[in-house]
file entry-v3.pdb (PDB, C-alpha atoms, pLDDT in the B column)
ATOM      1  CA  MET A  20       0.000   0.000   0.000  1.00 86.00           C
ATOM      2  CA  LYS A  21       1.143   3.521  -0.824  1.00 94.00           C
ATOM      3  CA  SER A  22      -0.185   6.749   0.642  1.00 95.00           C
ATOM      4  CA  ILE A  23      -0.777  10.211  -0.785  1.00 97.00           C
ATOM      5  CA  ASP A  24      -1.988  13.503   0.636  1.00 98.00           C
ATOM      6  CA  ILE A  25      -5.241  14.559  -1.021  1.00 98.00           C
ATOM      7  CA  ASN A  26      -6.022  18.252  -0.607  1.00 98.00           C
ATOM      8  CA  CYS A  27      -9.096  20.255  -1.511  1.00 97.00           C
ATOM      9  CA  ASP A  28      -9.922  23.961  -1.837  1.00 96.00           C
ATOM     10  CA  LEU A  29     -12.687  24.633   0.689  1.00 97.00           C
ATOM     11  CA  GLY A  30     -14.451  27.464   2.488  1.00 97.00           C
ATOM     12  CA  GLU A  31     -15.586  28.757  -0.906  1.00 96.00           C
ATOM     13  CA  GLY A  32     -19.332  28.769  -0.338  1.00 95.00           C
ATOM     14  CA  MET A  33     -20.056  25.253  -1.550  1.00 94.00           C
ATOM     15  CA  ALA A  34     -22.541  23.050   0.289  1.00 92.00           C
ATOM     16  CA  THR A  35     -20.313  19.974  -0.006  1.00 93.00           C
ATOM     17  CA  ASP A  36     -17.503  20.966   2.390  1.00 96.00           C
ATOM     18  CA  GLU A  37     -18.544  18.671   5.235  1.00 95.00           C
ATOM     19  CA  HIS A  38     -18.984  15.711   2.871  1.00 94.00           C
ATOM     20  CA  ILE A  39     -15.570  16.342   1.276  1.00 96.00           C
ATOM     21  CA  MET A  40     -13.768  16.554   4.632  1.00 96.00           C
ATOM     22  CA  SER A  41     -14.399  12.843   5.218  1.00 95.00           C
ATOM     23  CA  PHE A  42     -12.259  11.861   2.226  1.00 96.00           C
ATOM     24  CA  ILE A  43      -9.242  14.216   2.241  1.00 97.00           C
ATOM     25  CA  SER A  44      -6.151  14.716   4.386  1.00 98.00           C
ATOM     26  CA  SER A  45      -5.478  18.439   3.923  1.00 98.00           C
ATOM     27  CA  CYS A  46      -7.509  21.471   2.876  1.00 98.00           C
ATOM     28  CA  ASN A  47      -6.883  24.967   1.566  1.00 98.00           C
ATOM     29  CA  ILE A  48      -9.277  27.501   3.056  1.00 98.00           C
ATOM     30  CA  ALA A  49     -10.251  30.665   1.187  1.00 98.00           C
ATOM     31  CA  CYS A  50      -9.408  33.678   3.333  1.00 98.00           C
ATOM     32  CA  GLY A  51     -11.035  36.713   1.782  1.00 98.00           C
ATOM     33  CA  GLY A  52      -9.427  37.169  -1.616  1.00 98.00           C
ATOM     34  CA  HIS A  53     -11.595  35.226  -4.065  1.00 97.00           C
ATOM     35  CA  TYR A  54     -14.067  34.245  -1.360  1.00 98.00           C
ATOM     36  CA  GLY A  55     -14.544  34.269   2.384  1.00 97.00           C
ATOM     37  CA  ASP A  56     -14.797  36.194   5.615  1.00 97.00           C
ATOM     38  CA  GLY A  57     -14.280  35.452   9.282  1.00 97.00           C
ATOM     39  CA  ASN A  58     -17.396  33.304   9.502  1.00 98.00           C
ATOM     40  CA  SER A  59     -16.621  31.125   6.479  1.00 98.00           C
ATOM     41  CA  VAL A  60     -12.999  30.660   7.571  1.00 98.00           C
ATOM     42  CA  ARG A  61     -14.120  29.689  11.085  1.00 98.00           C
ATOM     43  CA  THR A  62     -16.673  27.186   9.776  1.00 98.00           C
ATOM     44  CA  ALA A  63     -14.122  25.537   7.480  1.00 98.00           C
ATOM     45  CA  LEU A  64     -11.511  25.392  10.233  1.00 98.00           C
ATOM     46  CA  GLN A  65     -13.969  23.814  12.646  1.00 98.00           C
ATOM     47  CA  LEU A  66     -14.822  21.174  10.041  1.00 98.00           C
ATOM     48  CA  ALA A  67     -11.121  20.482   9.466  1.00 98.00           C
ATOM     49  CA  LEU A  68     -10.533  20.143  13.199  1.00 98.00           C
ATOM     50  CA  SER A  69     -13.451  17.757  13.699  1.00 98.00           C
ATOM     51  CA  HIS A  70     -12.306  15.533  10.804  1.00 98.00           C
ATOM     52  CA  GLY A  71      -8.578  15.588  11.624  1.00 98.00           C
ATOM     53  CA  VAL A  72      -7.746  17.320   8.330  1.00 98.00           C
ATOM     54  CA  LYS A  73      -4.631  19.500   8.062  1.00 98.00           C
ATOM     55  CA  ALA A  74      -5.589  23.118   7.366  1.00 98.00           C
ATOM     56  CA  GLY A  75      -3.822  25.550   5.072  1.00 98.00           C
ATOM     57  CA  ALA A  76      -4.492  29.094   3.906  1.00 98.00           C
ATOM     58  CA  HIS A  77      -5.568  29.835   0.322  1.00 98.00           C
ATOM     59  CA  PRO A  78      -4.774  33.470  -0.570  1.00 98.00           C
ATOM     60  CA  SER A  79      -5.614  34.860  -3.991  1.00 98.00           C
ATOM     61  CA  PHE A  80      -6.026  38.019  -5.983  1.00 98.00           C
ATOM     62  CA  GLU A  81      -8.745  40.129  -4.364  1.00 97.00           C
ATOM     63  CA  ASP A  82     -11.315  39.485  -7.047  1.00 96.00           C
ATOM     64  CA  GLN A  83     -14.501  37.836  -5.863  1.00 96.00           C
ATOM     65  CA  GLU A  84     -16.313  38.736  -9.081  1.00 96.00           C
ATOM     66  CA  ASN A  85     -14.048  36.397 -11.086  1.00 96.00           C
ATOM     67  CA  PHE A  86     -13.376  33.976  -8.205  1.00 96.00           C
ATOM     68  CA  GLY A  87      -9.685  34.901  -8.315  1.00 96.00           C
ATOM     69  CA  ARG A  88      -9.180  33.269 -11.701  1.00 95.00           C
ATOM     70  CA  VAL A  89      -8.233  36.401 -13.665  1.00 96.00           C
ATOM     71  CA  PHE A  90      -4.681  37.785 -13.510  1.00 97.00           C
ATOM     72  CA  ARG A  91      -4.271  41.181 -11.845  1.00 97.00           C
ATOM     73  CA  ASP A  92      -1.182  43.243 -12.666  1.00 97.00           C
ATOM     74  CA  ILE A  93      -0.518  44.491  -9.146  1.00 98.00           C
ATOM     75  CA  SER A  94       2.629  45.933  -7.594  1.00 98.00           C
ATOM     76  CA  ARG A  95       4.992  44.232  -5.157  1.00 98.00           C
ATOM     77  CA  SER A  96       3.698  46.368  -2.280  1.00 98.00           C
ATOM     78  CA  ARG A  97       0.077  45.558  -3.120  1.00 98.00           C
ATOM     79  CA  PHE A  98       0.899  41.860  -3.357  1.00 98.00           C
ATOM     80  CA  ARG A  99       2.506  41.881   0.081  1.00 98.00           C
ATOM     81  CA  GLU A 100      -0.313  43.917   1.626  1.00 98.00           C
ATOM     82  CA  SER A 101      -2.997  41.668   0.164  1.00 98.00           C
ATOM     83  CA  VAL A 102      -1.535  38.275   1.063  1.00 98.00           C
ATOM     84  CA  THR A 103      -0.600  39.552   4.536  1.00 98.00           C
ATOM     85  CA  GLN A 104      -4.175  40.698   5.202  1.00 98.00           C
ATOM     86  CA  GLN A 105      -5.587  37.373   4.015  1.00 98.00           C
ATOM     87  CA  MET A 106      -3.121  35.429   6.146  1.00 98.00           C
ATOM     88  CA  GLN A 107      -3.965  37.521   9.187  1.00 98.00           C
ATOM     89  CA  LEU A 108      -7.645  36.651   8.759  1.00 98.00           C
ATOM     90  CA  PHE A 109      -6.742  32.955   8.561  1.00 98.00           C
ATOM     91  CA  THR A 110      -4.205  32.839  11.407  1.00 98.00           C
ATOM     92  CA  GLN A 111      -6.267  34.908  13.829  1.00 98.00           C
ATOM     93  CA  THR A 112      -9.321  32.729  13.226  1.00 98.00           C
ATOM     94  CA  ALA A 113      -7.256  29.546  13.404  1.00 98.00           C
ATOM     95  CA  GLN A 114      -5.875  30.609  16.784  1.00 98.00           C
ATOM     96  CA  GLU A 115      -9.416  31.149  18.071  1.00 98.00           C
ATOM     97  CA  VAL A 116     -10.518  27.734  16.807  1.00 98.00           C
ATOM     98  CA  GLY A 117      -7.360  25.966  17.987  1.00 98.00           C
ATOM     99  CA  VAL A 118      -6.018  24.896  14.609  1.00 98.00           C
ATOM    100  CA  GLU A 119      -2.378  25.101  13.505  1.00 98.00           C
ATOM    101  CA  LEU A 120      -1.435  26.441  10.091  1.00 98.00           C
ATOM    102  CA  HIS A 121      -0.068  23.486   8.105  1.00 98.00           C
ATOM    103  CA  HIS A 122       0.623  25.054   4.707  1.00 98.00           C
ATOM    104  CA  ILE A 123      -0.035  27.897   2.302  1.00 98.00           C
ATOM    105  CA  LYS A 124      -1.338  27.466  -1.239  1.00 98.00           C
ATOM    106  CA  MET A 125      -2.054  30.330  -3.603  1.00 98.00           C
ATOM    107  CA  HIS A 126      -5.324  30.227  -5.528  1.00 98.00           C
ATOM    108  CA  GLY A 127      -6.277  30.506  -9.169  1.00 95.00           C
ATOM    109  CA  ALA A 128      -4.521  33.172 -11.207  1.00 97.00           C
ATOM    110  CA  LEU A 129      -2.225  34.021  -8.279  1.00 98.00           C
ATOM    111  CA  TYR A 130      -1.190  30.344  -8.063  1.00 98.00           C
ATOM    112  CA  HIS A 131      -0.056  30.447 -11.692  1.00 96.00           C
ATOM    113  CA  ALA A 132       1.513  33.915 -11.467  1.00 98.00           C
ATOM    114  CA  THR A 133       3.644  32.995  -8.451  1.00 98.00           C
ATOM    115  CA  ALA A 134       4.572  29.657 -10.029  1.00 98.00           C
ATOM    116  CA  TYR A 135       5.756  30.863 -13.417  1.00 97.00           C
ATOM    117  CA  ARG A 136       6.425  34.623 -13.407  1.00 98.00           C
ATOM    118  CA  GLU A 137       9.790  35.951 -12.246  1.00 98.00           C
ATOM    119  CA  ASP A 138       8.340  38.960 -10.424  1.00 98.00           C
ATOM    120  CA  PHE A 139       5.508  37.226  -8.561  1.00 98.00           C
ATOM    121  CA  SER A 140       7.607  34.180  -7.653  1.00 98.00           C
ATOM    122  CA  ASP A 141      10.329  36.469  -6.285  1.00 98.00           C
ATOM    123  CA  TRP A 142       7.767  38.397  -4.232  1.00 98.00           C
ATOM    124  CA  LEU A 143       6.283  35.220  -2.776  1.00 98.00           C
ATOM    125  CA  VAL A 144       9.647  33.685  -1.885  1.00 98.00           C
ATOM    126  CA  GLU A 145      10.787  36.952  -0.301  1.00 98.00           C
ATOM    127  CA  TRP A 146       7.565  37.195   1.725  1.00 98.00           C
ATOM    128  CA  MET A 147       7.715  33.549   2.805  1.00 98.00           C
ATOM    129  CA  LYS A 148      11.324  33.925   3.998  1.00 98.00           C
ATOM    130  CA  GLU A 149      10.399  36.967   6.060  1.00 98.00           C
ATOM    131  CA  VAL A 150       7.116  35.809   7.589  1.00 97.00           C
ATOM    132  CA  TYR A 151       6.487  32.078   7.054  1.00 98.00           C
ATOM    133  CA  SER A 152       9.919  30.542   6.570  1.00 97.00           C
ATOM    134  CA  ALA A 153       8.976  27.289   8.346  1.00 97.00           C
ATOM    135  CA  THR A 154       5.586  26.853   6.671  1.00 98.00           C
ATOM    136  CA  ILE A 155       5.072  24.415   3.786  1.00 98.00           C
ATOM    137  CA  LEU A 156       4.173  25.975   0.441  1.00 98.00           C
ATOM    138  CA  TYR A 157       2.195  23.917  -2.101  1.00 98.00           C
ATOM    139  CA  VAL A 158       3.764  24.440  -5.538  1.00 98.00           C
ATOM    140  CA  PRO A 159       3.425  23.025  -9.063  1.00 96.00           C
ATOM    141  CA  PRO A 160       6.197  20.501  -9.836  1.00 96.00           C
ATOM    142  CA  GLU A 161       8.932  21.646 -12.219  1.00 94.00           C
ATOM    143  CA  SER A 162       7.811  25.258 -11.796  1.00 96.00           C
ATOM    144  CA  LEU A 163       9.966  28.324 -11.368  1.00 98.00           C
ATOM    145  CA  LEU A 164       8.584  28.589  -7.849  1.00 98.00           C
ATOM    146  CA  GLU A 165       9.724  25.079  -6.937  1.00 98.00           C
ATOM    147  CA  LYS A 166      13.265  25.913  -8.039  1.00 98.00           C
ATOM    148  CA  LYS A 167      13.287  29.133  -6.009  1.00 98.00           C
ATOM    149  CA  CYS A 168      11.884  27.401  -2.912  1.00 98.00           C
ATOM    150  CA  ALA A 169      14.608  24.763  -3.129  1.00 98.00           C
ATOM    151  CA  LYS A 170      17.293  27.423  -3.544  1.00 98.00           C
ATOM    152  CA  ASN A 171      15.990  29.479  -0.613  1.00 98.00           C
ATOM    153  CA  LYS A 172      15.328  26.471   1.664  1.00 98.00           C
ATOM    154  CA  ILE A 173      11.585  27.106   1.893  1.00 98.00           C
ATOM    155  CA  PRO A 174       9.741  23.843   2.686  1.00 98.00           C
ATOM    156  CA  TYR A 175       7.377  22.864  -0.092  1.00 98.00           C
ATOM    157  CA  MET A 176       5.194  20.071  -1.413  1.00 98.00           C
ATOM    158  CA  ARG A 177       4.785  19.463  -5.138  1.00 98.00           C
ATOM    159  CA  GLU A 178       1.147  19.423  -6.162  1.00 98.00           C
ATOM    160  CA  ALA A 179      -0.717  17.787  -9.026  1.00 97.00           C
ATOM    161  CA  PHE A 180      -4.448  17.805  -9.776  1.00 97.00           C
ATOM    162  CA  ALA A 181      -6.797  14.843  -9.903  1.00 97.00           C
ATOM    163  CA  ASP A 182      -9.534  16.769 -11.672  1.00 96.00           C
ATOM    164  CA  ARG A 183      -7.603  18.675 -14.328  1.00 95.00           C
ATOM    165  CA  TYR A 184      -6.232  17.439 -17.641  1.00 96.00           C
ATOM    166  CA  TYR A 185      -2.583  18.109 -18.538  1.00 95.00           C
ATOM    167  CA  ASP A 186      -0.878  19.069 -21.785  1.00 90.00           C
ATOM    168  CA  ALA A 187       2.205  17.405 -23.302  1.00 82.00           C
ATOM    169  CA  HIS A 188       4.518  19.670 -21.255  1.00 84.00           C
ATOM    170  CA  GLY A 189       3.082  18.615 -17.926  1.00 85.00           C
ATOM    171  CA  LYS A 190       1.116  21.835 -17.410  1.00 88.00           C
ATOM    172  CA  LEU A 191      -2.593  22.200 -16.770  1.00 93.00           C
ATOM    173  CA  VAL A 192      -4.925  22.603 -19.725  1.00 93.00           C
ATOM    174  CA  ALA A 193      -6.403  26.113 -19.541  1.00 89.00           C
ATOM    175  CA  ARG A 194      -9.827  26.324 -17.949  1.00 88.00           C
ATOM    176  CA  SER A 195     -11.011  28.270 -21.012  1.00 87.00           C
ATOM    177  CA  LEU A 196     -10.752  25.080 -23.070  1.00 88.00           C
ATOM    178  CA  PRO A 197     -13.616  22.551 -23.082  1.00 83.00           C
ATOM    179  CA  ASN A 198     -11.429  19.601 -21.995  1.00 85.00           C
ATOM    180  CA  ALA A 199      -9.847  21.177 -18.927  1.00 92.00           C
ATOM    181  CA  MET A 200     -11.801  19.494 -16.127  1.00 94.00           C
ATOM    182  CA  ILE A 201     -12.232  15.876 -15.017  1.00 95.00           C
ATOM    183  CA  THR A 202     -15.567  15.124 -13.365  1.00 93.00           C
ATOM    184  CA  ASP A 203     -15.618  11.310 -13.660  1.00 95.00           C
ATOM    185  CA  TYR A 204     -14.263   9.727 -10.463  1.00 94.00           C
ATOM    186  CA  LYS A 205     -12.914   6.712 -12.373  1.00 95.00           C
ATOM    187  CA  ILE A 206     -10.782   8.918 -14.633  1.00 95.00           C
ATOM    188  CA  ALA A 207      -9.628  10.948 -11.636  1.00 96.00           C
ATOM    189  CA  ALA A 208      -8.696   7.762  -9.751  1.00 96.00           C
ATOM    190  CA  ARG A 209      -6.657   6.525 -12.718  1.00 96.00           C
ATOM    191  CA  GLN A 210      -4.811   9.835 -12.867  1.00 97.00           C
ATOM    192  CA  ILE A 211      -4.044   9.685  -9.137  1.00 97.00           C
ATOM    193  CA  ALA A 212      -2.879   6.059  -9.407  1.00 97.00           C
ATOM    194  CA  ALA A 213      -0.514   6.901 -12.284  1.00 97.00           C
ATOM    195  CA  LEU A 214       0.934   9.833 -10.353  1.00 97.00           C
ATOM    196  CA  VAL A 215       1.449   7.786  -7.183  1.00 97.00           C
ATOM    197  CA  ASN A 216       2.562   4.464  -8.659  1.00 96.00           C
ATOM    198  CA  GLU A 217       4.377   5.571 -11.806  1.00 96.00           C
ATOM    199  CA  GLN A 218       5.180   9.256 -11.216  1.00 96.00           C
ATOM    200  CA  LYS A 219       3.607  10.204 -14.526  1.00 95.00           C
ATOM    201  CA  VAL A 220       0.583  11.900 -16.031  1.00 96.00           C
ATOM    202  CA  THR A 221      -0.887  11.295 -19.482  1.00 94.00           C
ATOM    203  CA  SER A 222      -1.708  14.404 -21.504  1.00 92.00           C
ATOM    204  CA  ILE A 223      -4.888  14.993 -23.510  1.00 91.00           C
ATOM    205  CA  ALA A 224      -2.833  14.042 -26.585  1.00 88.00           C
ATOM    206  CA  GLY A 225      -1.939  10.680 -25.026  1.00 92.00           C
ATOM    207  CA  ILE A 226       1.664  11.622 -24.254  1.00 91.00           C
ATOM    208  CA  SER A 227       3.094  10.534 -20.889  1.00 93.00           C
ATOM    209  CA  HIS A 228       4.990  13.120 -18.866  1.00 92.00           C
ATOM    210  CA  ARG A 229       6.995  12.337 -15.728  1.00 93.00           C
ATOM    211  CA  LEU A 230       5.661  14.228 -12.734  1.00 94.00           C
ATOM    212  CA  GLU A 231       6.838  13.664  -9.153  1.00 95.00           C
ATOM    213  CA  VAL A 232       4.324  14.944  -6.611  1.00 97.00           C
ATOM    214  CA  ASP A 233       3.709  14.978  -2.859  1.00 98.00           C
ATOM    215  CA  THR A 234       0.062  16.078  -2.759  1.00 98.00           C
ATOM    216  CA  ILE A 235      -2.873  15.892  -5.150  1.00 98.00           C
ATOM    217  CA  CYS A 236      -5.714  18.418  -5.311  1.00 97.00           C
ATOM    218  CA  ILE A 237      -9.413  18.047  -5.982  1.00 95.00           C
ATOM    219  CA  HIS A 238     -11.305  21.325  -6.413  1.00 93.00           C
ATOM    220  CA  GLY A 239     -14.133  21.903  -3.980  1.00 90.00           C
ATOM    221  CA  ASP A 240     -16.212  23.625  -6.668  1.00 89.00           C
ATOM    222  CA  ASN A 241     -15.948  20.581  -8.968  1.00 91.00           C
ATOM    223  CA  LEU A 242     -19.303  19.406  -7.678  1.00 89.00           C
ATOM    224  CA  GLY A 243     -19.575  16.385  -9.956  1.00 89.00           C
ATOM    225  CA  LEU A 244     -16.402  14.868  -8.558  1.00 92.00           C
ATOM    226  CA  ALA A 245     -16.874  16.136  -5.002  1.00 90.00           C
ATOM    227  CA  SER A 246     -20.202  14.329  -4.736  1.00 90.00           C
ATOM    228  CA  SER A 247     -18.620  10.967  -5.642  1.00 93.00           C
ATOM    229  CA  LEU A 248     -15.464  11.070  -3.528  1.00 95.00           C
ATOM    230  CA  GLU A 249     -16.407   7.935  -1.594  1.00 95.00           C
ATOM    231  CA  TYR A 250     -16.319   5.974  -4.860  1.00 95.00           C
ATOM    232  CA  LEU A 251     -12.992   7.545  -5.811  1.00 96.00           C
ATOM    233  CA  VAL A 252     -11.490   6.480  -2.475  1.00 95.00           C
ATOM    234  CA  GLU A 253     -12.737   2.923  -2.952  1.00 95.00           C
ATOM    235  CA  GLN A 254     -11.281   2.889  -6.461  1.00 94.00           C
ATOM    236  CA  LEU A 255      -7.903   4.016  -5.095  1.00 96.00           C
ATOM    237  CA  LYS A 256      -7.924   1.169  -2.573  1.00 94.00           C
ATOM    238  CA  THR A 257      -8.112  -1.319  -5.444  1.00 94.00           C
ATOM    239  CA  GLU A 258      -4.931   0.338  -6.784  1.00 91.00           C
ATOM    240  CA  GLY A 259      -3.176  -0.096  -3.427  1.00 93.00           C
ATOM    241  CA  ILE A 260      -3.383   3.592  -2.496  1.00 96.00           C
ATOM    242  CA  TYR A 261      -4.760   5.158   0.661  1.00 95.00           C
ATOM    243  CA  ILE A 262      -5.114   8.781   1.720  1.00 96.00           C
ATOM    244  CA  ALA A 263      -2.868  10.034   4.519  1.00 91.00           C
TER     245      ALA A 263
END
call {"tool": "encode", "arguments": {"input": "entry-v3.pdb", "output": "structure tokens"}}
result
Amino acid sequence: MKSIDINCDLGEGMATDEHIMSFISSCNIACGGHYGDGNSVRTALQLALSHGVKAGAHPSFEDQENFGRVFRDISRSRFRESVTQQMQLFTQTAQEVGVELHHIKMHGALYHATAYREDFSDWLVEWMKEVYSATILYVPPESLLEKKCAKNKIPYMREAFADRYYDAHGKLVARSLPNAMITDYKIAARQIAALVNEQKVTSIAGISHRLEVDTICIHGDNLGLASSLEYLVEQLKTEGIYIA
């Protein structure tokens, strides 16, 4: 048997959070950028605590209209101010609830900007070193951000996605394309099994790409997959994989 951390983006206003918590090992809680306020963060943290799920913060561009999935050309000072405010909301609420911060994972367009742009990745690494140097950062494997975390001795976990298709270069297919999302639990389970057992992902063109990962994400707003997580977990057991 092999184990893998399964994480999910939660606290985003979906009605499935409590159901999802039973089948994951870590979660990323929206903290006011693309969604959320003190009440939603507290509710998600209490659910994580009651289910023994590791809790992380999920900062994003401050853009609730587009759910944080549109790039914003902000300055370094605005980036630092924004992510600091979102982290303060998370950490203050977590302290009240009695939950420790396990990791940080950027959301949506900010996730991609900090992973692949020189300026945003530099800003994130600089900020992490100053404020959260001992906190795990979830990063895309083979990204610019992974290289900079390794160089600057920032702890990180490489993340893949169970519910997103990949291209031939090992990058996510853009959400604007019709074949970006996976909603069938059987397909998602096969993708997880290949990542865990073979360290590879197969692109939409049928090309295999090597991808070494430490955690695998399922989106909380992917309601088709979220509603069938119990079947996905059972499917993984047949592949010799459990969630831990």
call {"tool": "resolve_selection", "arguments": {"input": "entry-v3.pdb", "expression": "the PyMOL selection byres ((chain A and resi 31) around 8)", "output": "ChimeraX atom specification"}}
result
/A:28-30,32-33,48-49,54-55,59,239-240
call {"tool": "resolve_selection", "arguments": {"input": "entry-v3.pdb", "expression": "the PyMOL selection byres ((chain A and resi 73-83) around 8)", "output": "MDAnalysis selection string"}}
result
chainID A and resid 28 44:54 64 67:68 71:72 84:87 89:91 101:102 105:106 109 118:130
call {"tool": "atom_distance", "arguments": {"input": "entry-v3.pdb", "atom1": "atom CA of Ala212 of chain A", "atom2": "atom CA of Asn241 of chain A"}}
result
19.5 Å
call {"tool": "atom_distance", "arguments": {"input": "entry-v3.pdb", "atom1": "atom CA of Leu163 of chain A", "atom2": "atom CA of Glu145 of chain A"}}
result
14.1 Å
call {"tool": "residues_near_point", "arguments": {"input": "entry-v3.pdb", "point": "(-1.9, 16.4, -21.4)", "cutoff": "10 Å", "atoms": "all atoms listed in the file", "output": "JSON list (two decimals) with C-alpha atoms, keeping the file's coordinate frame"}}
result
[["chain", "number", "residue", "atom", "x", "y", "z"],
["A", 183, "ARG", "CA", -7.60, 18.68, -14.33],
["A", 184, "TYR", "CA", -6.23, 17.44, -17.64],
["A", 185, "TYR", "CA", -2.58, 18.11, -18.54],
["A", 186, "ASP", "CA", -0.88, 19.07, -21.78],
["A", 187, "ALA", "CA", 2.20, 17.40, -23.30],
["A", 188, "HIS", "CA", 4.52, 19.67, -21.26],
["A", 189, "GLY", "CA", 3.08, 18.61, -17.93],
["A", 190, "LYS", "CA", 1.12, 21.84, -17.41],
["A", 191, "LEU", "CA", -2.59, 22.20, -16.77],
["A", 192, "VAL", "CA", -4.92, 22.60, -19.73],
["A", 199, "ALA", "CA", -9.85, 21.18, -18.93],
["A", 220, "VAL", "CA", 0.58, 11.90, -16.03],
["A", 221, "THR", "CA", -0.89, 11.30, -19.48],
["A", 222, "SER", "CA", -1.71, 14.40, -21.50],
["A", 223, "ILE", "CA", -4.89, 14.99, -23.51],
["A", 224, "ALA", "CA", -2.83, 14.04, -26.58],
["A", 225, "GLY", "CA", -1.94, 10.68, -25.03],
["A", 226, "ILE", "CA", 1.66, 11.62, -24.25],
["A", 227, "SER", "CA", 3.09, 10.53, -20.89],
["A", 228, "HIS", "CA", 4.99, 13.12, -18.87]]
call {"tool": "residues_around", "arguments": {"input": "entry-v3.pdb", "residues": "Arg177 of chain A", "least_positions_apart": "6", "cutoff": "7 Å", "atoms": "all atoms listed in the file", "output": "list of chain:residue names"}}
result
A:Tyr157, A:Val158, A:Pro159, A:Pro160, A:Val232, A:Asp233, A:Thr234
call {"tool": "closest_residue", "arguments": {"input": "entry-v3.pdb", "among": "A:Leu242, A:Ile260, A:Ala208, A:Leu196", "to": "His38 of chain A", "atoms": "only C-alpha atoms"}}
result
A:Leu242
call {"tool": "residues_around", "arguments": {"input": "entry-v3.pdb", "residues": "Glu217 of chain A", "least_positions_apart": "6", "cutoff": "12 Å", "atoms": "all atoms listed in the file", "output": "number ranges by chain"}}
result
A: 21, 209-211, 227-232, 258
call {"tool": "build_atoms", "arguments": {"input": "entry-v3.pdb", "residues": "segment 89-105 of chain A", "atoms": "N, CA and C atoms", "output": "mmCIF file, in the frame of the given file"}}
result
data_model
loop_
_atom_site.group_PDB
_atom_site.id
_atom_site.type_symbol
_atom_site.label_atom_id
_atom_site.label_comp_id
_atom_site.auth_asym_id
_atom_site.auth_seq_id
_atom_site.Cartn_x
_atom_site.Cartn_y
_atom_site.Cartn_z
ATOM 1 N N VAL A 89 -8.694 35.453 -12.643
ATOM 2 C CA VAL A 89 -8.233 36.401 -13.665
ATOM 3 C C VAL A 89 -6.994 37.111 -13.136
ATOM 4 N N PHE A 90 -5.933 37.166 -13.937
ATOM 5 C CA PHE A 90 -4.681 37.785 -13.510
ATOM 6 C C PHE A 90 -4.869 39.279 -13.256
ATOM 7 N N ARG A 91 -4.271 39.762 -12.177
ATOM 8 C CA ARG A 91 -4.271 41.181 -11.845
ATOM 9 C C ARG A 91 -2.829 41.681 -11.821
ATOM 10 N N ASP A 92 -2.548 42.719 -12.572
ATOM 11 C CA ASP A 92 -1.182 43.243 -12.666
ATOM 12 C C ASP A 92 -0.943 44.221 -11.519
ATOM 13 N N ILE A 93 -0.691 43.668 -10.337
ATOM 14 C CA ILE A 93 -0.518 44.491 -9.146
ATOM 15 C C ILE A 93 0.966 44.694 -8.853
ATOM 16 N N SER A 94 1.244 45.630 -7.968
ATOM 17 C CA SER A 94 2.629 45.933 -7.594
ATOM 18 C C SER A 94 3.102 44.998 -6.482
ATOM 19 N N ARG A 95 4.416 45.034 -6.245
ATOM 20 C CA ARG A 95 4.992 44.232 -5.157
ATOM 21 C C ARG A 95 4.370 44.624 -3.824
ATOM 22 N N SER A 96 4.239 45.921 -3.567
ATOM 23 C CA SER A 96 3.698 46.368 -2.280
ATOM 24 C C SER A 96 2.242 45.942 -2.116
ATOM 25 N N ARG A 97 1.480 45.984 -3.206
ATOM 26 C CA ARG A 97 0.077 45.558 -3.120
ATOM 27 C C ARG A 97 -0.025 44.054 -2.917
ATOM 28 N N PHE A 98 0.859 43.302 -3.562
ATOM 29 C CA PHE A 98 0.899 41.860 -3.357
ATOM 30 C C PHE A 98 1.146 41.547 -1.885
ATOM 31 N N ARG A 99 2.154 42.160 -1.308
ATOM 32 C CA ARG A 99 2.506 41.881 0.081
ATOM 33 C C ARG A 99 1.376 42.289 1.028
ATOM 34 N N GLU A 100 0.785 43.444 0.783
ATOM 35 C CA GLU A 100 -0.313 43.917 1.626
ATOM 36 C C GLU A 100 -1.497 42.960 1.562
ATOM 37 N N SER A 101 -1.823 42.525 0.355
ATOM 38 C CA SER A 101 -2.997 41.668 0.164
ATOM 39 C C SER A 101 -2.831 40.292 0.803
ATOM 40 N N VAL A 102 -1.709 39.626 0.510
ATOM 41 C CA VAL A 102 -1.535 38.275 1.063
ATOM 42 C C VAL A 102 -1.356 38.332 2.581
ATOM 43 N N THR A 103 -0.750 39.403 3.082
ATOM 44 C CA THR A 103 -0.600 39.552 4.536
ATOM 45 C C THR A 103 -1.951 39.704 5.211
ATOM 46 N N GLN A 104 -2.838 40.520 4.630
ATOM 47 C CA GLN A 104 -4.175 40.698 5.202
ATOM 48 C C GLN A 104 -4.960 39.389 5.193
ATOM 49 N N GLN A 105 -4.865 38.644 4.100
ATOM 50 C CA GLN A 105 -5.587 37.373 4.015
ATOM 51 C C GLN A 105 -5.037 36.359 5.020
#
